[in-house]
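Trainee: File name target_26.cif; file contents mmCIF, N, CA and C atoms; full text below.
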```cif
data_upload
loop_
_atom_site.label_atom_id
_atom_site.label_comp_id
_atom_site.auth_asym_id
_atom_site.auth_seq_id
_atom_site.Cartn_x
_atom_site.Cartn_y
_atom_site.Cartn_z
N MET A 107 -4.15 17.02 -2.38
CA MET A 107 -5.57 16.80 -2.16
C MET A 107 -5.82 16.45 -0.70
N ARG A 108 -6.77 17.13 -0.08
CA ARG A 108 -7.10 16.90 1.34
C ARG A 108 -7.92 15.62 1.49
N PRO A 109 -7.54 14.75 2.42
CA PRO A 109 -8.33 13.52 2.62
C PRO A 109 -9.72 13.85 3.14
N ASP A 110 -10.66 12.97 2.86
CA ASP A 110 -12.00 13.08 3.43
C ASP A 110 -11.95 12.42 4.80
N TRP A 111 -11.65 13.21 5.83
CA TRP A 111 -11.43 12.66 7.16
C TRP A 111 -12.66 11.94 7.70
N ASP A 112 -13.85 12.48 7.46
CA ASP A 112 -15.05 11.80 7.96
C ASP A 112 -15.17 10.40 7.35
N GLN A 113 -14.92 10.27 6.06
CA GLN A 113 -14.97 8.96 5.42
C GLN A 113 -13.90 8.04 6.00
N TYR A 114 -12.71 8.56 6.16
CA TYR A 114 -11.59 7.78 6.68
C TYR A 114 -11.90 7.24 8.08
N PHE A 115 -12.33 8.13 8.99
CA PHE A 115 -12.59 7.69 10.36
C PHE A 115 -13.85 6.84 10.47
N MET A 116 -14.82 7.07 9.61
CA MET A 116 -16.01 6.22 9.63
C MET A 116 -15.66 4.81 9.15
N ASP A 117 -14.76 4.70 8.18
CA ASP A 117 -14.29 3.37 7.76
C ASP A 117 -13.65 2.63 8.93
N ILE A 118 -12.83 3.32 9.70
CA ILE A 118 -12.19 2.71 10.86
C ILE A 118 -13.25 2.32 11.89
N THR A 119 -14.24 3.17 12.07
CA THR A 119 -15.31 2.89 13.03
C THR A 119 -16.06 1.61 12.67
N LYS A 120 -16.25 1.39 11.39
CA LYS A 120 -16.92 0.15 10.94
C LYS A 120 -16.08 -1.08 11.28
N VAL A 121 -14.76 -0.97 11.15
CA VAL A 121 -13.89 -2.08 11.52
C VAL A 121 -13.98 -2.33 13.02
N VAL A 122 -13.98 -1.27 13.81
CA VAL A 122 -14.12 -1.42 15.26
C VAL A 122 -15.44 -2.12 15.59
N ALA A 123 -16.50 -1.77 14.89
CA ALA A 123 -17.82 -2.39 15.14
C ALA A 123 -17.79 -3.89 14.89
N SER A 124 -16.91 -4.35 14.04
CA SER A 124 -16.85 -5.79 13.74
C SER A 124 -16.42 -6.61 14.95
N ARG A 125 -15.88 -5.97 15.98
CA ARG A 125 -15.49 -6.67 17.21
C ARG A 125 -16.66 -6.85 18.17
N SER A 126 -17.80 -6.23 17.89
CA SER A 126 -18.96 -6.28 18.76
C SER A 126 -19.40 -7.71 19.03
N THR A 127 -19.89 -7.94 20.23
CA THR A 127 -20.42 -9.26 20.61
C THR A 127 -21.93 -9.20 20.81
N CYS A 128 -22.55 -8.11 20.41
CA CYS A 128 -24.01 -7.95 20.54
C CYS A 128 -24.71 -8.76 19.45
N LEU A 129 -25.78 -9.40 19.82
CA LEU A 129 -26.54 -10.22 18.87
C LEU A 129 -27.52 -9.40 18.04
N ARG A 130 -27.84 -8.18 18.48
CA ARG A 130 -28.87 -7.38 17.80
C ARG A 130 -28.31 -6.29 16.90
N ARG A 131 -27.22 -5.67 17.31
CA ARG A 131 -26.69 -4.54 16.56
C ARG A 131 -25.20 -4.40 16.83
N ARG A 132 -24.41 -4.33 15.79
CA ARG A 132 -22.97 -4.15 15.94
C ARG A 132 -22.65 -2.67 15.78
N VAL A 133 -22.10 -2.08 16.84
CA VAL A 133 -21.82 -0.64 16.83
C VAL A 133 -20.36 -0.42 17.19
N GLY A 134 -19.74 0.52 16.51
CA GLY A 134 -18.38 0.93 16.81
C GLY A 134 -18.34 2.43 17.02
N ALA A 135 -17.38 2.88 17.83
CA ALA A 135 -17.18 4.31 18.08
C ALA A 135 -15.69 4.60 18.15
N VAL A 136 -15.31 5.76 17.63
CA VAL A 136 -13.91 6.19 17.65
C VAL A 136 -13.88 7.66 18.07
N LEU A 137 -13.02 7.98 19.01
CA LEU A 137 -12.80 9.36 19.43
C LEU A 137 -11.57 9.90 18.73
N VAL A 138 -11.70 11.08 18.11
CA VAL A 138 -10.64 11.64 17.28
C VAL A 138 -10.45 13.12 17.64
N LYS A 139 -9.19 13.51 17.71
CA LYS A 139 -8.87 14.93 17.90
C LYS A 139 -7.64 15.26 17.08
N ASP A 140 -7.71 16.35 16.35
CA ASP A 140 -6.60 16.78 15.48
C ASP A 140 -6.19 15.64 14.54
N ASN A 141 -7.18 14.92 14.03
CA ASN A 141 -6.98 13.82 13.08
C ASN A 141 -6.16 12.66 13.65
N HIS A 142 -6.18 12.51 14.97
CA HIS A 142 -5.53 11.39 15.65
C HIS A 142 -6.57 10.61 16.44
N ILE A 143 -6.53 9.30 16.34
CA ILE A 143 -7.45 8.47 17.10
C ILE A 143 -6.99 8.43 18.56
N LEU A 144 -7.92 8.79 19.45
CA LEU A 144 -7.63 8.81 20.88
C LEU A 144 -8.06 7.52 21.57
N ALA A 145 -9.21 7.00 21.19
CA ALA A 145 -9.76 5.79 21.81
C ALA A 145 -10.84 5.23 20.91
N SER A 146 -11.16 3.97 21.13
CA SER A 146 -12.23 3.33 20.36
C SER A 146 -13.02 2.42 21.29
N GLY A 147 -14.21 2.04 20.83
CA GLY A 147 -15.02 1.12 21.61
C GLY A 147 -16.06 0.45 20.72
N TYR A 148 -16.50 -0.69 21.16
CA TYR A 148 -17.59 -1.40 20.48
C TYR A 148 -18.56 -1.89 21.55
N ASN A 149 -19.77 -2.22 21.15
CA ASN A 149 -20.75 -2.63 22.15
C ASN A 149 -20.55 -4.10 22.53
N GLY A 150 -20.63 -4.33 23.83
CA GLY A 150 -20.45 -5.68 24.36
C GLY A 150 -20.42 -5.66 25.87
N ALA A 151 -20.37 -6.85 26.45
CA ALA A 151 -20.38 -7.01 27.91
C ALA A 151 -19.11 -6.42 28.53
N PRO A 152 -19.19 -6.07 29.82
CA PRO A 152 -18.00 -5.56 30.51
C PRO A 152 -16.85 -6.58 30.47
N SER A 153 -15.64 -6.07 30.54
CA SER A 153 -14.43 -6.90 30.49
C SER A 153 -14.50 -8.03 31.50
N GLY A 154 -14.17 -9.23 31.02
CA GLY A 154 -14.12 -10.39 31.90
C GLY A 154 -15.45 -11.10 32.12
N LEU A 155 -16.54 -10.52 31.65
CA LEU A 155 -17.84 -11.15 31.80
C LEU A 155 -18.24 -11.86 30.51
N LYS A 156 -19.14 -12.82 30.64
CA LYS A 156 -19.61 -13.54 29.46
C LYS A 156 -20.35 -12.59 28.52
N HIS A 157 -20.14 -12.82 27.24
CA HIS A 157 -20.79 -12.00 26.23
C HIS A 157 -22.14 -12.59 25.85
N CYS A 158 -22.95 -11.79 25.23
CA CYS A 158 -24.28 -12.22 24.78
C CYS A 158 -24.18 -13.39 23.81
N LEU A 159 -23.07 -13.48 23.09
CA LEU A 159 -22.86 -14.62 22.19
C LEU A 159 -22.90 -15.93 22.98
N GLU A 160 -22.51 -15.87 24.27
CA GLU A 160 -22.48 -17.05 25.14
C GLU A 160 -23.77 -17.21 25.94
N THR A 161 -24.33 -16.09 26.41
CA THR A 161 -25.47 -16.16 27.33
C THR A 161 -26.82 -16.01 26.65
N GLY A 162 -26.82 -15.49 25.43
CA GLY A 162 -28.08 -15.15 24.77
C GLY A 162 -28.44 -13.71 25.06
N CYS A 163 -29.47 -13.24 24.40
CA CYS A 163 -29.89 -11.84 24.52
C CYS A 163 -31.21 -11.74 25.26
N LEU A 164 -31.15 -11.20 26.47
CA LEU A 164 -32.35 -11.03 27.29
C LEU A 164 -33.36 -10.11 26.61
N ARG A 165 -32.89 -9.06 25.99
CA ARG A 165 -33.78 -8.10 25.32
C ARG A 165 -34.51 -8.77 24.16
N ARG A 166 -33.79 -9.58 23.40
CA ARG A 166 -34.41 -10.29 22.27
C ARG A 166 -35.43 -11.29 22.79
N GLU A 167 -35.05 -12.04 23.83
CA GLU A 167 -35.94 -13.05 24.41
C GLU A 167 -37.24 -12.44 24.93
N GLN A 168 -37.15 -11.20 25.47
CA GLN A 168 -38.33 -10.54 26.01
C GLN A 168 -39.05 -9.65 25.00
N GLY A 169 -38.55 -9.60 23.77
CA GLY A 169 -39.19 -8.81 22.72
C GLY A 169 -39.14 -7.31 22.96
N ILE A 170 -38.07 -6.83 23.58
CA ILE A 170 -37.94 -5.41 23.89
C ILE A 170 -37.46 -4.66 22.64
N PRO A 171 -38.21 -3.65 22.22
CA PRO A 171 -37.83 -2.90 21.01
C PRO A 171 -36.52 -2.12 21.19
N SER A 172 -35.86 -1.89 20.10
CA SER A 172 -34.64 -1.09 20.10
C SER A 172 -34.94 0.29 20.68
N GLY A 173 -34.00 0.80 21.48
CA GLY A 173 -34.15 2.13 22.05
C GLY A 173 -34.89 2.16 23.37
N GLN A 174 -35.30 1.01 23.89
CA GLN A 174 -36.05 0.96 25.15
C GLN A 174 -35.39 0.02 26.15
N ARG A 175 -35.59 0.30 27.42
CA ARG A 175 -35.16 -0.57 28.52
C ARG A 175 -33.68 -0.95 28.45
N HIS A 176 -32.83 0.06 28.31
CA HIS A 176 -31.39 -0.17 28.20
C HIS A 176 -30.83 -0.94 29.40
N GLU A 177 -31.47 -0.81 30.54
CA GLU A 177 -30.97 -1.45 31.75
C GLU A 177 -31.07 -2.98 31.71
N LEU A 178 -31.82 -3.51 30.74
CA LEU A 178 -31.97 -4.96 30.62
C LEU A 178 -31.01 -5.54 29.60
N CYS A 179 -29.82 -4.99 29.55
CA CYS A 179 -28.81 -5.45 28.59
C CYS A 179 -27.50 -5.66 29.33
N ARG A 180 -26.81 -6.74 29.01
CA ARG A 180 -25.50 -7.03 29.62
C ARG A 180 -24.42 -6.08 29.09
N GLY A 181 -24.63 -5.54 27.91
CA GLY A 181 -23.58 -4.80 27.24
C GLY A 181 -23.54 -3.31 27.52
N LEU A 182 -22.37 -2.76 27.29
CA LEU A 182 -22.20 -1.31 27.25
C LEU A 182 -22.24 -0.90 25.79
N HIS A 183 -22.63 0.34 25.57
CA HIS A 183 -22.67 0.86 24.21
C HIS A 183 -21.25 1.20 23.76
N ALA A 184 -21.05 1.22 22.46
CA ALA A 184 -19.73 1.51 21.88
C ALA A 184 -19.22 2.88 22.34
N GLU A 185 -20.10 3.86 22.37
CA GLU A 185 -19.70 5.21 22.78
C GLU A 185 -19.23 5.20 24.24
N GLN A 186 -19.95 4.47 25.09
CA GLN A 186 -19.55 4.36 26.50
C GLN A 186 -18.18 3.70 26.62
N ASN A 187 -17.97 2.63 25.86
CA ASN A 187 -16.68 1.95 25.93
C ASN A 187 -15.53 2.82 25.42
N ALA A 188 -15.78 3.64 24.41
CA ALA A 188 -14.73 4.56 23.92
C ALA A 188 -14.39 5.59 24.99
N LEU A 189 -15.41 6.16 25.63
CA LEU A 189 -15.17 7.13 26.71
C LEU A 189 -14.43 6.49 27.87
N LEU A 190 -14.82 5.27 28.23
CA LEU A 190 -14.17 4.56 29.33
C LEU A 190 -12.73 4.19 28.98
N GLN A 191 -12.49 3.78 27.75
CA GLN A 191 -11.12 3.45 27.34
C GLN A 191 -10.22 4.67 27.48
N ALA A 192 -10.72 5.82 27.07
CA ALA A 192 -9.93 7.05 27.22
C ALA A 192 -9.64 7.33 28.70
N ALA A 193 -10.64 7.16 29.55
CA ALA A 193 -10.46 7.41 30.98
C ALA A 193 -9.45 6.44 31.59
N VAL A 194 -9.55 5.16 31.26
CA VAL A 194 -8.65 4.15 31.81
C VAL A 194 -7.19 4.46 31.45
N HIS A 195 -6.99 4.98 30.25
CA HIS A 195 -5.63 5.26 29.78
C HIS A 195 -5.20 6.72 29.98
N GLY A 196 -6.04 7.51 30.64
CA GLY A 196 -5.69 8.89 30.94
C GLY A 196 -5.58 9.78 29.72
N VAL A 197 -6.45 9.55 28.73
CA VAL A 197 -6.40 10.33 27.49
C VAL A 197 -7.45 11.45 27.56
N ALA A 198 -7.01 12.68 27.40
CA ALA A 198 -7.92 13.82 27.40
C ALA A 198 -8.72 13.85 26.10
N ILE A 199 -10.04 13.96 26.22
CA ILE A 199 -10.90 13.91 25.03
C ILE A 199 -11.73 15.18 24.84
N LYS A 200 -11.59 16.14 25.73
CA LYS A 200 -12.34 17.37 25.60
C LYS A 200 -12.04 18.01 24.26
N GLY A 201 -13.11 18.39 23.53
CA GLY A 201 -12.96 19.02 22.23
C GLY A 201 -12.85 18.04 21.07
N ALA A 202 -12.93 16.75 21.37
CA ALA A 202 -12.78 15.72 20.33
C ALA A 202 -14.07 15.56 19.51
N THR A 203 -13.93 14.79 18.43
CA THR A 203 -15.07 14.35 17.62
C THR A 203 -15.29 12.88 17.93
N LEU A 204 -16.55 12.49 18.07
CA LEU A 204 -16.89 11.08 18.24
C LEU A 204 -17.53 10.59 16.95
N TYR A 205 -16.97 9.53 16.38
CA TYR A 205 -17.55 8.86 15.22
C TYR A 205 -18.25 7.61 15.71
N SER A 206 -19.45 7.37 15.22
CA SER A 206 -20.20 6.18 15.62
C SER A 206 -20.95 5.62 14.42
N THR A 207 -21.03 4.31 14.36
CA THR A 207 -21.77 3.68 13.27
C THR A 207 -23.28 3.86 13.43
N THR A 208 -23.72 4.28 14.62
CA THR A 208 -25.15 4.47 14.90
C THR A 208 -25.34 5.75 15.70
N GLN A 209 -26.46 6.41 15.51
CA GLN A 209 -26.79 7.60 16.30
C GLN A 209 -26.76 7.25 17.79
N PRO A 210 -26.05 8.02 18.60
CA PRO A 210 -26.01 7.74 20.04
C PRO A 210 -27.40 7.86 20.69
N CYS A 211 -27.64 7.00 21.68
CA CYS A 211 -28.87 7.05 22.46
C CYS A 211 -28.78 8.19 23.48
N VAL A 212 -29.84 8.44 24.19
CA VAL A 212 -29.85 9.52 25.17
C VAL A 212 -28.86 9.27 26.31
N LEU A 213 -28.69 8.01 26.73
CA LEU A 213 -27.72 7.72 27.79
C LEU A 213 -26.31 8.11 27.34
N CYS A 214 -25.95 7.72 26.13
CA CYS A 214 -24.63 8.07 25.60
C CYS A 214 -24.53 9.57 25.33
N ALA A 215 -25.61 10.17 24.86
CA ALA A 215 -25.60 11.61 24.58
C ALA A 215 -25.24 12.39 25.84
N LYS A 216 -25.82 12.02 26.97
CA LYS A 216 -25.52 12.73 28.23
C LYS A 216 -24.05 12.59 28.60
N MET A 217 -23.48 11.41 28.39
CA MET A 217 -22.06 11.20 28.69
C MET A 217 -21.18 11.99 27.73
N ILE A 218 -21.54 11.98 26.46
CA ILE A 218 -20.78 12.70 25.43
C ILE A 218 -20.78 14.20 25.73
N ILE A 219 -21.93 14.72 26.11
CA ILE A 219 -22.04 16.14 26.45
C ILE A 219 -21.12 16.47 27.62
N ASN A 220 -21.19 15.68 28.70
CA ASN A 220 -20.38 15.97 29.88
C ASN A 220 -18.89 15.72 29.66
N ALA A 221 -18.54 14.89 28.68
CA ALA A 221 -17.13 14.64 28.37
C ALA A 221 -16.51 15.78 27.57
N GLY A 222 -17.33 16.71 27.10
CA GLY A 222 -16.80 17.85 26.35
C GLY A 222 -16.57 17.57 24.88
N ILE A 223 -17.21 16.53 24.36
CA ILE A 223 -17.10 16.24 22.93
C ILE A 223 -17.80 17.37 22.17
N LYS A 224 -17.19 17.86 21.11
CA LYS A 224 -17.74 19.01 20.38
C LYS A 224 -18.48 18.64 19.10
N ARG A 225 -18.22 17.44 18.58
CA ARG A 225 -18.82 17.05 17.30
C ARG A 225 -19.09 15.55 17.33
N VAL A 226 -20.24 15.15 16.81
CA VAL A 226 -20.60 13.74 16.70
C VAL A 226 -20.98 13.46 15.26
N VAL A 227 -20.31 12.48 14.67
CA VAL A 227 -20.60 12.04 13.31
C VAL A 227 -21.10 10.61 13.42
N PHE A 228 -22.31 10.35 12.91
CA PHE A 228 -22.88 9.01 13.02
C PHE A 228 -23.47 8.58 11.69
N ALA A 229 -23.56 7.26 11.50
CA ALA A 229 -24.08 6.73 10.23
C ALA A 229 -25.53 6.32 10.37
N GLY A 230 -25.81 5.27 11.10
CA GLY A 230 -27.16 4.72 11.16
C GLY A 230 -28.09 5.43 12.11
N ASP A 231 -29.37 5.36 11.80
CA ASP A 231 -30.41 5.95 12.67
C ASP A 231 -30.61 5.11 13.92
N TYR A 232 -31.16 5.75 14.94
CA TYR A 232 -31.54 5.07 16.18
C TYR A 232 -32.80 5.77 16.68
N PRO A 233 -33.76 5.02 17.18
CA PRO A 233 -35.04 5.64 17.56
C PRO A 233 -34.99 6.39 18.89
N ASP A 234 -34.30 7.55 18.91
CA ASP A 234 -34.16 8.31 20.15
C ASP A 234 -34.11 9.80 19.85
N GLU A 235 -35.27 10.41 19.77
CA GLU A 235 -35.36 11.84 19.48
C GLU A 235 -34.79 12.70 20.61
N LEU A 236 -34.92 12.23 21.87
CA LEU A 236 -34.42 13.01 22.99
C LEU A 236 -32.91 13.23 22.89
N SER A 237 -32.18 12.23 22.41
CA SER A 237 -30.73 12.42 22.27
C SER A 237 -30.43 13.54 21.28
N LEU A 238 -31.17 13.59 20.18
CA LEU A 238 -30.96 14.65 19.19
C LEU A 238 -31.26 16.02 19.78
N GLU A 239 -32.33 16.10 20.55
CA GLU A 239 -32.70 17.37 21.21
C GLU A 239 -31.61 17.81 22.19
N MET A 240 -31.07 16.86 22.94
CA MET A 240 -30.04 17.20 23.93
C MET A 240 -28.75 17.66 23.26
N PHE A 241 -28.35 17.00 22.18
CA PHE A 241 -27.17 17.44 21.44
C PHE A 241 -27.36 18.87 20.93
N LYS A 242 -28.54 19.15 20.40
CA LYS A 242 -28.83 20.49 19.88
C LYS A 242 -28.77 21.52 20.99
N GLU A 243 -29.41 21.22 22.12
CA GLU A 243 -29.41 22.15 23.26
C GLU A 243 -28.00 22.39 23.78
N ALA A 244 -27.15 21.37 23.75
CA ALA A 244 -25.78 21.48 24.23
C ALA A 244 -24.85 22.18 23.23
N GLY A 245 -25.34 22.41 22.01
CA GLY A 245 -24.53 23.07 21.00
C GLY A 245 -23.48 22.16 20.37
N ILE A 246 -23.71 20.86 20.43
CA ILE A 246 -22.79 19.92 19.82
C ILE A 246 -23.15 19.74 18.35
N GLU A 247 -22.15 19.87 17.50
CA GLU A 247 -22.38 19.68 16.07
C GLU A 247 -22.69 18.21 15.81
N LEU A 248 -23.81 17.96 15.17
CA LEU A 248 -24.27 16.60 14.90
C LEU A 248 -24.36 16.43 13.40
N VAL A 249 -23.65 15.42 12.88
CA VAL A 249 -23.58 15.20 11.43
C VAL A 249 -23.98 13.75 11.14
N GLN A 250 -25.02 13.58 10.33
CA GLN A 250 -25.34 12.22 9.89
C GLN A 250 -24.51 11.95 8.65
N PHE A 251 -23.70 10.92 8.74
CA PHE A 251 -22.76 10.56 7.69
C PHE A 251 -23.46 9.73 6.61
N HIS A 252 -23.18 10.06 5.38
CA HIS A 252 -23.67 9.28 4.23
C HIS A 252 -22.46 8.91 3.41
N ALA A 253 -22.22 7.62 3.25
CA ALA A 253 -21.05 7.15 2.50
C ALA A 253 -21.06 7.71 1.08
N ARG A 254 -19.87 8.02 0.62
CA ARG A 254 -19.72 8.58 -0.72
C ARG A 254 -19.40 7.49 -1.71
#
```
Show me this structure written as structure tokens.
Mentor:
Amino acid sequence: MRPDWDQYFMDITKVVASRSTCLRRRVGAVLVKDNHILASGYNGAPSGLKHCLETGCLRREQGIPSGQRHELCRGLHAEQNALLQAAVHGVAIKGATLYSTTQPCVLCAKMIINAGIKRVVFAGDYPDELSLEMFKEAGIELVQFHAR
């Protein structure tokens, strides 16, 4: 019997998300190629800097809605951290699948497109129609995951 790889890797992505230090949304991402995990990431502050758990959330304090004003956040997105982890360790990710617990935003979508990712599997919605349009235009297979 063939394993349900999307379910398997999405389960792992949820575990990765549990490491998040974001006060508003815990997100995990895993890059996979040929059924091997290449890199993972979760949303949080850059390495060595204080996390939002310590400093508080500027976006929450200012009442900024989800999907807006990304520049007013201390953290990197899970997808960004997964891409950066691969780069730091010299791991080729072209042609990989990215699993994420949340639909990537437009900032992450642009990075995913340029990194040569061919497929994105995500669970939760995110209020960013432009990212969906860009994935479609780039010909990246986009799959919204529904747990079985």
Trainee: Just to confirm, what's the straight-line distance from atom CA of A:Ser126 to atom CA of A:Met240 in Å (one decimal)?
Mentor: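 Result for atom CA of A:Ser126 versus atom CA of A:Met240: 26.5 Å, one decimal.
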Trainee: What does the PyMOL selection byres (((chain A and resi 120-122 and name CA) around 9) and name CA) select in this file, as a PyMOL selection string?
Mentor: chain A and resi 115-119+123-126+132-136+146-148+206-207
Trainee: Export, as a PDB file, keeping the file's coordinate frame, the selected residues with N, CA and C atoms.
Mentor:
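Below you can see selection.pdb, which holds the result:
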```
ATOM      1  N   PHE A 115     -12.330   8.130   8.990  1.00  0.00           N
ATOM      2  CA  PHE A 115     -12.590   7.690  10.360  1.00  0.00           C
ATOM      3  C   PHE A 115     -13.850   6.840  10.470  1.00  0.00           C
ATOM      4  N   MET A 116     -14.820   7.070   9.610  1.00  0.00           N
ATOM      5  CA  MET A 116     -16.010   6.220   9.630  1.00  0.00           C
ATOM      6  C   MET A 116     -15.660   4.810   9.150  1.00  0.00           C
ATOM      7  N   ASP A 117     -14.760   4.700   8.180  1.00  0.00           N
ATOM      8  CA  ASP A 117     -14.290   3.370   7.760  1.00  0.00           C
ATOM      9  C   ASP A 117     -13.650   2.630   8.930  1.00  0.00           C
ATOM     10  N   ILE A 118     -12.830   3.320   9.700  1.00  0.00           N
ATOM     11  CA  ILE A 118     -12.190   2.710  10.860  1.00  0.00           C
ATOM     12  C   ILE A 118     -13.250   2.320  11.890  1.00  0.00           C
ATOM     13  N   THR A 119     -14.240   3.170  12.070  1.00  0.00           N
ATOM     14  CA  THR A 119     -15.310   2.890  13.030  1.00  0.00           C
ATOM     15  C   THR A 119     -16.060   1.610  12.670  1.00  0.00           C
ATOM     16  N   ALA A 123     -16.500  -1.770  14.890  1.00  0.00           N
ATOM     17  CA  ALA A 123     -17.820  -2.390  15.140  1.00  0.00           C
ATOM     18  C   ALA A 123     -17.790  -3.890  14.890  1.00  0.00           C
ATOM     19  N   SER A 124     -16.910  -4.350  14.040  1.00  0.00           N
ATOM     20  CA  SER A 124     -16.850  -5.790  13.740  1.00  0.00           C
ATOM     21  C   SER A 124     -16.420  -6.610  14.950  1.00  0.00           C
ATOM     22  N   ARG A 125     -15.880  -5.970  15.980  1.00  0.00           N
ATOM     23  CA  ARG A 125     -15.490  -6.670  17.210  1.00  0.00           C
ATOM     24  C   ARG A 125     -16.660  -6.850  18.170  1.00  0.00           C
ATOM     25  N   SER A 126     -17.800  -6.230  17.890  1.00  0.00           N
ATOM     26  CA  SER A 126     -18.960  -6.280  18.760  1.00  0.00           C
ATOM     27  C   SER A 126     -19.400  -7.710  19.030  1.00  0.00           C
ATOM     28  N   ARG A 132     -24.410  -4.330  15.790  1.00  0.00           N
ATOM     29  CA  ARG A 132     -22.970  -4.150  15.940  1.00  0.00           C
ATOM     30  C   ARG A 132     -22.650  -2.670  15.780  1.00  0.00           C
ATOM     31  N   VAL A 133     -22.100  -2.080  16.840  1.00  0.00           N
ATOM     32  CA  VAL A 133     -21.820  -0.640  16.830  1.00  0.00           C
ATOM     33  C   VAL A 133     -20.360  -0.420  17.190  1.00  0.00           C
ATOM     34  N   GLY A 134     -19.740   0.520  16.510  1.00  0.00           N
ATOM     35  CA  GLY A 134     -18.380   0.930  16.810  1.00  0.00           C
ATOM     36  C   GLY A 134     -18.340   2.430  17.020  1.00  0.00           C
ATOM     37  N   ALA A 135     -17.380   2.880  17.830  1.00  0.00           N
ATOM     38  CA  ALA A 135     -17.180   4.310  18.080  1.00  0.00           C
ATOM     39  C   ALA A 135     -15.690   4.600  18.150  1.00  0.00           C
ATOM     40  N   VAL A 136     -15.310   5.760  17.630  1.00  0.00           N
ATOM     41  CA  VAL A 136     -13.910   6.190  17.650  1.00  0.00           C
ATOM     42  C   VAL A 136     -13.880   7.660  18.070  1.00  0.00           C
ATOM     43  N   SER A 146     -11.160   3.970  21.130  1.00  0.00           N
ATOM     44  CA  SER A 146     -12.230   3.330  20.360  1.00  0.00           C
ATOM     45  C   SER A 146     -13.020   2.420  21.290  1.00  0.00           C
ATOM     46  N   GLY A 147     -14.210   2.040  20.830  1.00  0.00           N
ATOM     47  CA  GLY A 147     -15.020   1.120  21.610  1.00  0.00           C
ATOM     48  C   GLY A 147     -16.060   0.450  20.720  1.00  0.00           C
ATOM     49  N   TYR A 148     -16.500  -0.690  21.160  1.00  0.00           N
ATOM     50  CA  TYR A 148     -17.590  -1.400  20.480  1.00  0.00           C
ATOM     51  C   TYR A 148     -18.560  -1.890  21.550  1.00  0.00           C
ATOM     52  N   SER A 206     -19.450   7.370  15.220  1.00  0.00           N
ATOM     53  CA  SER A 206     -20.200   6.180  15.620  1.00  0.00           C
ATOM     54  C   SER A 206     -20.950   5.620  14.420  1.00  0.00           C
ATOM     55  N   THR A 207     -21.030   4.310  14.360  1.00  0.00           N
ATOM     56  CA  THR A 207     -21.770   3.680  13.270  1.00  0.00           C
ATOM     57  C   THR A 207     -23.280   3.860  13.430  1.00  0.00           C
TER      58      THR A 207
END
```
Trainee: Could you write out as a PyMOL selection string the residues that the PyMOL selection byres ((chain A and resi 145) around 8) matches in the shown file?
Mentor: chain A and resi 135-139+142-144+146-147+187-193+197
Trainee: List the neighbours of stretch 243-248 of chain A out to 6 Å using only C-alpha atoms; skip same-chain residues closer than 5 positions along the sequence, and give me the result as a list in words.
Mentor: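 The contact residues come out as Lys224, Arg225 and Val226 of chain A.
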Trainee: The PyMOL selection byres ((chain A and resi 163-178) around 7) - which residues does that actually catch in the file I just gave you? List them as a ChimeraX atom specification.
Mentor: /A:129,158-159,161-162,179-181,232-234
Trainee: What separation in Å, quoted to one decimal, exists between atom C of A:Ala229 and atom C of A:Ala198?
Mentor: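 Value for the atom C of A:Ala229-atom C of A:Ala198 distance: 24.2 Å.
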Trainee: If you run DSSP on the backbone, which residues of chain A are helix (DSSP H, G or I), as a PyMOL selection string?
Mentor: chain A and resi 111-123+158-161+164-167+176-178+184-194+212-220+235-244
Trainee: If you measure from atom CA of A:Lys156 to atom C of A:Asn220, what distance in Å do you get, rounded to one decimal?
Mentor: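 Pair atom CA of A:Lys156 / atom C of A:Asn220 returns 29.3 Å.
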Trainee: Distance cut-off 8 Å, centre (-22.5, 8.1, 11.5) in file coordinates, counting all atoms listed in the file: which residues qualify? Return them as an NGL selection string.
Mentor: :A and (116 or 204-210 or 226-231 or 249-252)
Trainee: Around stretch 158-164 of chain A, with edges along x, y and z and 8 Å added on all six sides, what centre and edge lengths do you get, in Å to one decimal, as AutoDock Vina command-line options?
Mentor:
```
--center_x -27.9 --center_y -13.7 --center_z 24.8 --size_x 26.9 --size_y 23.1 --size_z 21.1
```
Trainee: Just list the residues in stretch 129-184 of chain A DSSP gives strand (DSSP E or B) on the backbone, as a PyMOL selection string.
Mentor: chain A and resi 134-139+142-148+150+182
Trainee: Check the smallest atom-to-atom distance from each of A:Glu185, A:Cys214, A:Ile199, A:Asn149 to A:Thr127 using only C-alpha atoms, then report the winner.
Mentor: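 Closest to A:Thr127, using only C-alpha atoms: A:Asn149.
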Trainee: Considering all atoms listed in the file, state which residue in the set A:Ile223, A:Ala184, A:Ile218, A:Leu155 is at the smallest distance from A:Gly201.
Mentor: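 Looking only at the distances to A:Gly201, the closest residue turns out to be A:Ile223.
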Trainee: So which residues touch A:Asn141 within 10 Å, counting only C-alpha atoms, skipping near sequence neighbours fewer than 4 positions away, as number ranges by chain?
Mentor: A: 111-112, 114-115, 137, 202-203
Trainee: I need the chosen residues saved as an mmCIF file, in the frame of the given file, with N, CA and C atoms.
Mentor:
```cif
data_model
loop_
_atom_site.group_PDB
_atom_site.id
_atom_site.type_symbol
_atom_site.label_atom_id
_atom_site.label_comp_id
_atom_site.auth_asym_id
_atom_site.auth_seq_id
_atom_site.Cartn_x
_atom_site.Cartn_y
_atom_site.Cartn_z
ATOM 1 N N TRP A 111 -11.650 13.210 5.830
ATOM 2 C CA TRP A 111 -11.430 12.660 7.160
ATOM 3 C C TRP A 111 -12.660 11.940 7.700
ATOM 4 N N ASP A 112 -13.850 12.480 7.460
ATOM 5 C CA ASP A 112 -15.050 11.800 7.960
ATOM 6 C C ASP A 112 -15.170 10.400 7.350
ATOM 7 N N TYR A 114 -12.710 8.560 6.160
ATOM 8 C CA TYR A 114 -11.590 7.780 6.680
ATOM 9 C C TYR A 114 -11.900 7.240 8.080
ATOM 10 N N PHE A 115 -12.330 8.130 8.990
ATOM 11 C CA PHE A 115 -12.590 7.690 10.360
ATOM 12 C C PHE A 115 -13.850 6.840 10.470
ATOM 13 N N LEU A 137 -13.020 7.980 19.010
ATOM 14 C CA LEU A 137 -12.800 9.360 19.430
ATOM 15 C C LEU A 137 -11.570 9.900 18.730
ATOM 16 N N ALA A 202 -12.930 16.750 21.370
ATOM 17 C CA ALA A 202 -12.780 15.720 20.330
ATOM 18 C C ALA A 202 -14.070 15.560 19.510
ATOM 19 N N THR A 203 -13.930 14.790 18.430
ATOM 20 C CA THR A 203 -15.070 14.350 17.620
ATOM 21 C C THR A 203 -15.290 12.880 17.930
#
```
